[in-house]
Each structure stands twice: as structure tokens, then as C-alpha cells.
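Asks: Input structure: query.txt, which contains compact mmCIF, C-alpha atoms.
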```txt
# COMPACT_ATOMS: atom_id res chain seq x y z
CA MET A 59 83.28 94.35 54.94
CA ILE A 60 85.90 96.55 56.61
CA SER A 61 83.42 99.41 57.07
CA TYR A 62 80.93 97.00 58.64
CA LEU A 63 83.57 95.83 61.13
CA ARG A 64 84.51 99.42 61.96
CA ARG A 65 80.87 100.32 62.62
CA LEU A 66 80.51 97.22 64.78
CA ILE A 67 83.65 98.07 66.75
CA ASN A 68 82.38 101.65 67.18
CA LYS A 69 79.07 100.36 68.54
CA PHE A 70 80.87 98.28 71.14
CA ALA A 71 83.17 101.18 71.97
CA ASN A 72 80.15 103.45 72.46
CA ALA A 73 78.50 100.87 74.70
CA PHE A 74 81.64 100.55 76.84
CA CYS A 75 81.85 104.35 77.04
CA GLY A 76 78.26 104.36 78.31
CA ILE A 77 79.09 101.77 80.95
CA ALA A 78 82.17 103.70 82.05
CA TYR A 79 80.28 107.01 82.17
CA GLY A 80 77.44 105.45 84.15
CA LEU A 81 79.79 103.89 86.68
CA LYS A 82 81.75 107.11 87.07
CA HIS A 83 78.91 109.65 87.16
CA ASP A 84 75.78 107.86 88.37
CA ARG A 85 75.64 106.70 91.99
CA SER A 86 72.55 104.55 91.38
CA ILE A 87 74.27 102.57 88.64
CA GLY A 88 77.36 102.18 90.80
CA PHE A 89 75.23 101.06 93.74
CA GLN A 90 73.39 98.43 91.68
CA CYS A 91 76.73 97.14 90.34
CA LEU A 92 78.12 96.97 93.88
CA ILE A 93 75.05 95.05 95.06
CA GLY A 94 75.37 92.71 92.08
CA ALA A 95 79.04 92.05 92.88
CA ALA A 96 78.17 91.41 96.53
CA VAL A 97 75.48 88.91 95.49
CA LEU A 98 78.00 87.11 93.29
CA LEU A 99 80.55 86.97 96.10
CA PHE A 100 77.93 85.85 98.60
CA GLY A 101 76.63 83.30 96.12
CA GLY A 102 80.10 81.83 95.88
CA LEU A 103 79.69 80.59 99.44
CA TYR A 104 76.76 78.36 98.46
CA GLY A 105 76.53 75.43 96.10
CA PHE A 106 74.19 76.87 93.53
CA THR A 107 73.27 74.78 90.53
CA LEU A 108 74.09 75.96 87.03
CA SER A 109 70.49 77.01 86.43
CA GLU A 110 70.44 78.99 89.70
CA TRP A 111 73.64 80.80 88.71
CA LEU A 112 72.24 81.59 85.28
CA PHE A 113 69.08 82.97 86.83
CA ILE A 114 71.04 85.08 89.33
CA LEU A 115 73.27 86.48 86.58
CA LEU A 116 70.24 87.27 84.44
CA LEU A 117 68.54 89.09 87.31
CA ILE A 118 71.65 91.09 88.21
CA CYS A 119 72.05 92.18 84.59
CA LEU A 120 68.34 93.01 84.34
CA VAL A 121 68.48 95.25 87.42
CA ILE A 122 71.61 97.03 86.18
CA ALA A 123 70.12 97.45 82.69
CA ALA A 124 66.94 98.87 84.23
CA GLU A 125 69.07 101.38 86.13
CA PHE A 126 70.83 102.40 82.91
CA PHE A 127 67.45 102.85 81.17
CA ASN A 128 66.17 104.89 84.10
CA SER A 129 69.26 107.10 84.04
CA ALA A 130 68.89 107.62 80.29
CA ILE A 131 65.24 108.62 80.78
CA GLU A 132 66.22 111.06 83.52
CA LYS A 133 68.91 112.66 81.32
CA CYS A 134 66.44 113.02 78.43
CA VAL A 135 63.82 114.61 80.69
CA ASP A 136 66.42 117.00 82.14
CA LEU A 137 67.48 117.98 78.62
CA ILE A 138 63.92 118.60 77.44
CA SER A 139 62.63 120.17 80.65
CA PRO A 140 65.43 121.85 82.64
CA GLN A 141 62.95 123.64 84.92
CA TYR A 142 60.68 121.77 87.31
CA ASN A 143 57.66 120.32 85.59
CA GLU A 144 55.07 118.02 87.17
CA LEU A 145 54.89 115.81 84.07
CA ALA A 146 58.70 115.52 84.03
CA LYS A 147 58.56 114.40 87.67
CA ILE A 148 55.97 111.75 86.85
CA ILE A 149 58.10 110.45 83.97
CA LYS A 150 61.13 110.18 86.26
CA ASP A 151 59.01 108.51 88.94
CA TYR A 152 57.86 105.92 86.39
CA GLY A 153 61.47 105.12 85.55
CA ALA A 154 62.37 104.79 89.22
CA ALA A 155 59.32 102.57 89.77
CA ALA A 156 60.48 100.26 86.97
CA VAL A 157 63.86 99.85 88.65
CA LEU A 158 62.15 99.19 91.98
CA VAL A 159 59.85 96.52 90.50
CA VAL A 160 62.76 94.70 88.85
CA SER A 161 64.90 95.02 91.99
CA LEU A 162 62.17 93.63 94.24
CA ALA A 163 61.56 90.73 91.86
CA ALA A 164 65.31 90.00 91.84
CA LEU A 165 65.41 90.16 95.64
CA LEU A 166 62.48 87.75 96.00
CA ALA A 167 63.92 85.34 93.44
CA GLY A 168 67.32 85.51 95.15
CA LEU A 169 65.77 84.76 98.52
CA LEU A 170 63.91 81.77 97.06
CA ILE A 171 67.12 80.46 95.48
CA LEU A 172 69.00 80.98 98.74
CA LYS A 173 66.25 79.21 100.70
CA GLY A 174 66.53 76.25 98.35
CA ALA A 175 70.33 76.20 98.61
CA LEU A 176 70.21 76.16 102.41
CA ARG A 177 68.10 73.02 102.55
```
As C-alpha cells, how would this structure be written, given the file I've shared?

Replies:
Amino acid sequence: MISYLRRLINKFANAFCGIAYGLKHDRSIGFQCLIGAAVLLFGGLYGFTLSEWLFILLLICLVIAAEFFNSAIEKCVDLISPQYNELAKIIKDYGAAAVLVVSLAALLAGLLILKGALR
């Protein structure tokens, strides 16, 4: 049981190290976190319902998670293909496109929630 708890604690420690590294070394992750914080602060000015807040939190976390996945993909591609490679570029572009799709969906959903809150 003790070894299981140690492994579990190590997994959480590794995850927090990943968050800290991403915030410190990756401008895109930092930017998405800053935008997420701004949305939360801005959202505090409006009377969102519980379900609206849950949806906003879910979307913020989804965008940030997508950025972490994209950064992990980019690091893997850089490790495997340090020189320029057209296929490596396409892989990185796919990752960036995924972040863009999630970010645009979050923006649209946020605007719809805001429109409803302003009525």
C-alpha cells in the first residue's frame, strides 16, 4: 500500500513539474493561461449560472490542455527530427491547428454565454 501511495504521489509531482516547466518555458502555454485567468476575472463581473461557470472552466482547461499536448508533440518532433523536415512541419501544423480549433470553439461558446448573460 505504501509503494502504491508513493507512486501516486510521484505521478502528481511529475504532473506539477510539467505544469511548472510549461509555464516557465513555453510562451504559448503561458499565454493561454493568462487568457484563461482574464476570462475568469472578466466573468466575475457577470452573473453567470453554475452551469455557465462549469462550461467556461471546462473550456479554459480544454484549451490549456490542448496547448500542453501541442507543446509535447513539438518537443517530440524536435527530438526525432532536429533538422528541418517537411513532414515534421506538417505534424507541428496539425498540433497548432488542434489548439486553434479548440480555442475558436471556446471563444464562440464564451461569446454565446456572454450574450445570454447580458440579456

Asks: List as a Markdown table every residue of range 113-153 of chain A that is in contact with range 102-106 of chain A, defined as an atom at most 12 Å from one of its atoms (using all atoms listed in the file), together with the nearest atom pair and the distance in Å rounded to one decimal, sorted by chain and then rising number.

Replies:
```
| residue | atom | partner | partner_atom | distance |
| --- | --- | --- | --- | --- |
| A:Phe113 | CA | A:Phe106 | CA | 10.4 |
| A:Ile114 | CA | A:Phe106 | CA | 9.7 |
| A:Leu115 | CA | A:Phe106 | CA | 11.9 |
```

Asks: Check the smallest atom-to-atom distance from each of A:Ile122, A:Leu145, A:Val135, A:Ala130 to Ser161 in chain A using all atoms listed in the file, then report the winner.

Replies: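 Looking only at the distances to Ser161 in chain A, the closest residue turns out to be A:Ile122.
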
Asks: Between CA of Lys150 in chain A and CA of Ile87 in chain A, what is the distance in Å, rounded to a tenth?

Replies: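 One can read the CA of Lys150 in chain A to CA of Ile87 in chain A distance as 15.4 Å.
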
Asks: Would you compute the distance between CA of Gly174 in chain A and CA of Thr107 in chain A? Give it in Å to one decimal.

Replies: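 The value is 10.4 Å.
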
Asks: If you measure from CA of Ala156 in chain A to CA of Ala124 in chain A, what distance in Å do you get, rounded to one decimal?

Replies: 7.2 Å

Asks: N, CA, C and O atoms for range 137-155 of chain A, written as a PDB file, in the frame of the given file, could you do that?

Replies:
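And here is the file that came out, out20.pdb:
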```
ATOM      1  N   LEU A 137      67.128 117.238  79.822  1.00  0.00           N
ATOM      2  CA  LEU A 137      67.480 117.980  78.620  1.00  0.00           C
ATOM      3  C   LEU A 137      66.273 118.713  78.045  1.00  0.00           C
ATOM      4  O   LEU A 137      66.359 119.881  77.672  1.00  0.00           O
ATOM      5  N   ILE A 138      65.138 118.037  78.025  1.00  0.00           N
ATOM      6  CA  ILE A 138      63.920 118.600  77.440  1.00  0.00           C
ATOM      7  C   ILE A 138      63.265 119.607  78.382  1.00  0.00           C
ATOM      8  O   ILE A 138      62.724 120.619  77.951  1.00  0.00           O
ATOM      9  N   SER A 139      63.318 119.332  79.673  1.00  0.00           N
ATOM     10  CA  SER A 139      62.630 120.170  80.650  1.00  0.00           C
ATOM     11  C   SER A 139      63.572 120.519  81.802  1.00  0.00           C
ATOM     12  O   SER A 139      63.510 119.908  82.872  1.00  0.00           O
ATOM     13  N   PRO A 140      64.462 121.512  81.596  1.00  0.00           N
ATOM     14  CA  PRO A 140      65.430 121.850  82.640  1.00  0.00           C
ATOM     15  C   PRO A 140      64.777 122.426  83.906  1.00  0.00           C
ATOM     16  O   PRO A 140      65.297 122.240  85.004  1.00  0.00           O
ATOM     17  N   GLN A 141      63.659 123.109  83.762  1.00  0.00           N
ATOM     18  CA  GLN A 141      62.950 123.640  84.920  1.00  0.00           C
ATOM     19  C   GLN A 141      62.000 122.554  85.455  1.00  0.00           C
ATOM     20  O   GLN A 141      61.627 121.629  84.749  1.00  0.00           O
ATOM     21  N   TYR A 142      61.595 122.732  86.716  1.00  0.00           N
ATOM     22  CA  TYR A 142      60.680 121.770  87.310  1.00  0.00           C
ATOM     23  C   TYR A 142      59.371 121.734  86.527  1.00  0.00           C
ATOM     24  O   TYR A 142      58.827 122.757  86.129  1.00  0.00           O
ATOM     25  N   ASN A 143      58.910 120.533  86.300  1.00  0.00           N
ATOM     26  CA  ASN A 143      57.660 120.320  85.590  1.00  0.00           C
ATOM     27  C   ASN A 143      57.018 119.073  86.190  1.00  0.00           C
ATOM     28  O   ASN A 143      57.691 118.044  86.342  1.00  0.00           O
ATOM     29  N   GLU A 144      55.758 119.146  86.524  1.00  0.00           N
ATOM     30  CA  GLU A 144      55.070 118.020  87.170  1.00  0.00           C
ATOM     31  C   GLU A 144      55.073 116.778  86.279  1.00  0.00           C
ATOM     32  O   GLU A 144      55.266 115.655  86.768  1.00  0.00           O
ATOM     33  N   LEU A 145      54.871 116.961  84.984  1.00  0.00           N
ATOM     34  CA  LEU A 145      54.890 115.810  84.070  1.00  0.00           C
ATOM     35  C   LEU A 145      56.287 115.191  84.004  1.00  0.00           C
ATOM     36  O   LEU A 145      56.429 113.962  83.970  1.00  0.00           O
ATOM     37  N   ALA A 146      57.328 116.028  84.016  1.00  0.00           N
ATOM     38  CA  ALA A 146      58.700 115.520  84.030  1.00  0.00           C
ATOM     39  C   ALA A 146      58.943 114.688  85.294  1.00  0.00           C
ATOM     40  O   ALA A 146      59.591 113.638  85.244  1.00  0.00           O
ATOM     41  N   LYS A 147      58.421 115.144  86.417  1.00  0.00           N
ATOM     42  CA  LYS A 147      58.560 114.400  87.670  1.00  0.00           C
ATOM     43  C   LYS A 147      57.880 113.037  87.571  1.00  0.00           C
ATOM     44  O   LYS A 147      58.437 112.018  87.994  1.00  0.00           O
ATOM     45  N   ILE A 148      56.701 113.014  86.995  1.00  0.00           N
ATOM     46  CA  ILE A 148      55.970 111.750  86.850  1.00  0.00           C
ATOM     47  C   ILE A 148      56.740 110.783  85.960  1.00  0.00           C
ATOM     48  O   ILE A 148      56.862 109.585  86.265  1.00  0.00           O
ATOM     49  N   ILE A 149      57.315 111.296  84.870  1.00  0.00           N
ATOM     50  CA  ILE A 149      58.100 110.450  83.970  1.00  0.00           C
ATOM     51  C   ILE A 149      59.293 109.852  84.720  1.00  0.00           C
ATOM     52  O   ILE A 149      59.579 108.652  84.617  1.00  0.00           O
ATOM     53  N   LYS A 150      59.990 110.677  85.484  1.00  0.00           N
ATOM     54  CA  LYS A 150      61.130 110.180  86.260  1.00  0.00           C
ATOM     55  C   LYS A 150      60.678 109.178  87.321  1.00  0.00           C
ATOM     56  O   LYS A 150      61.359 108.171  87.569  1.00  0.00           O
ATOM     57  N   ASP A 151      59.541 109.437  87.938  1.00  0.00           N
ATOM     58  CA  ASP A 151      59.010 108.510  88.940  1.00  0.00           C
ATOM     59  C   ASP A 151      58.665 107.160  88.309  1.00  0.00           C
ATOM     60  O   ASP A 151      58.877 106.105  88.926  1.00  0.00           O
ATOM     61  N   TYR A 152      58.141 107.174  87.094  1.00  0.00           N
ATOM     62  CA  TYR A 152      57.860 105.920  86.390  1.00  0.00           C
ATOM     63  C   TYR A 152      59.147 105.119  86.169  1.00  0.00           C
ATOM     64  O   TYR A 152      59.180 103.906  86.368  1.00  0.00           O
ATOM     65  N   GLY A 153      60.194 105.807  85.752  1.00  0.00           N
ATOM     66  CA  GLY A 153      61.470 105.120  85.550  1.00  0.00           C
ATOM     67  C   GLY A 153      62.005 104.522  86.844  1.00  0.00           C
ATOM     68  O   GLY A 153      62.472 103.381  86.873  1.00  0.00           O
ATOM     69  N   ALA A 154      61.914 105.293  87.919  1.00  0.00           N
ATOM     70  CA  ALA A 154      62.370 104.790  89.220  1.00  0.00           C
ATOM     71  C   ALA A 154      61.509 103.616  89.673  1.00  0.00           C
ATOM     72  O   ALA A 154      62.026 102.648  90.259  1.00  0.00           O
ATOM     73  N   ALA A 155      60.217 103.679  89.402  1.00  0.00           N
ATOM     74  CA  ALA A 155      59.320 102.570  89.770  1.00  0.00           C
ATOM     75  C   ALA A 155      59.692 101.303  89.015  1.00  0.00           C
ATOM     76  O   ALA A 155      59.654 100.201  89.593  1.00  0.00           O
TER      77      ALA A 155
END
```
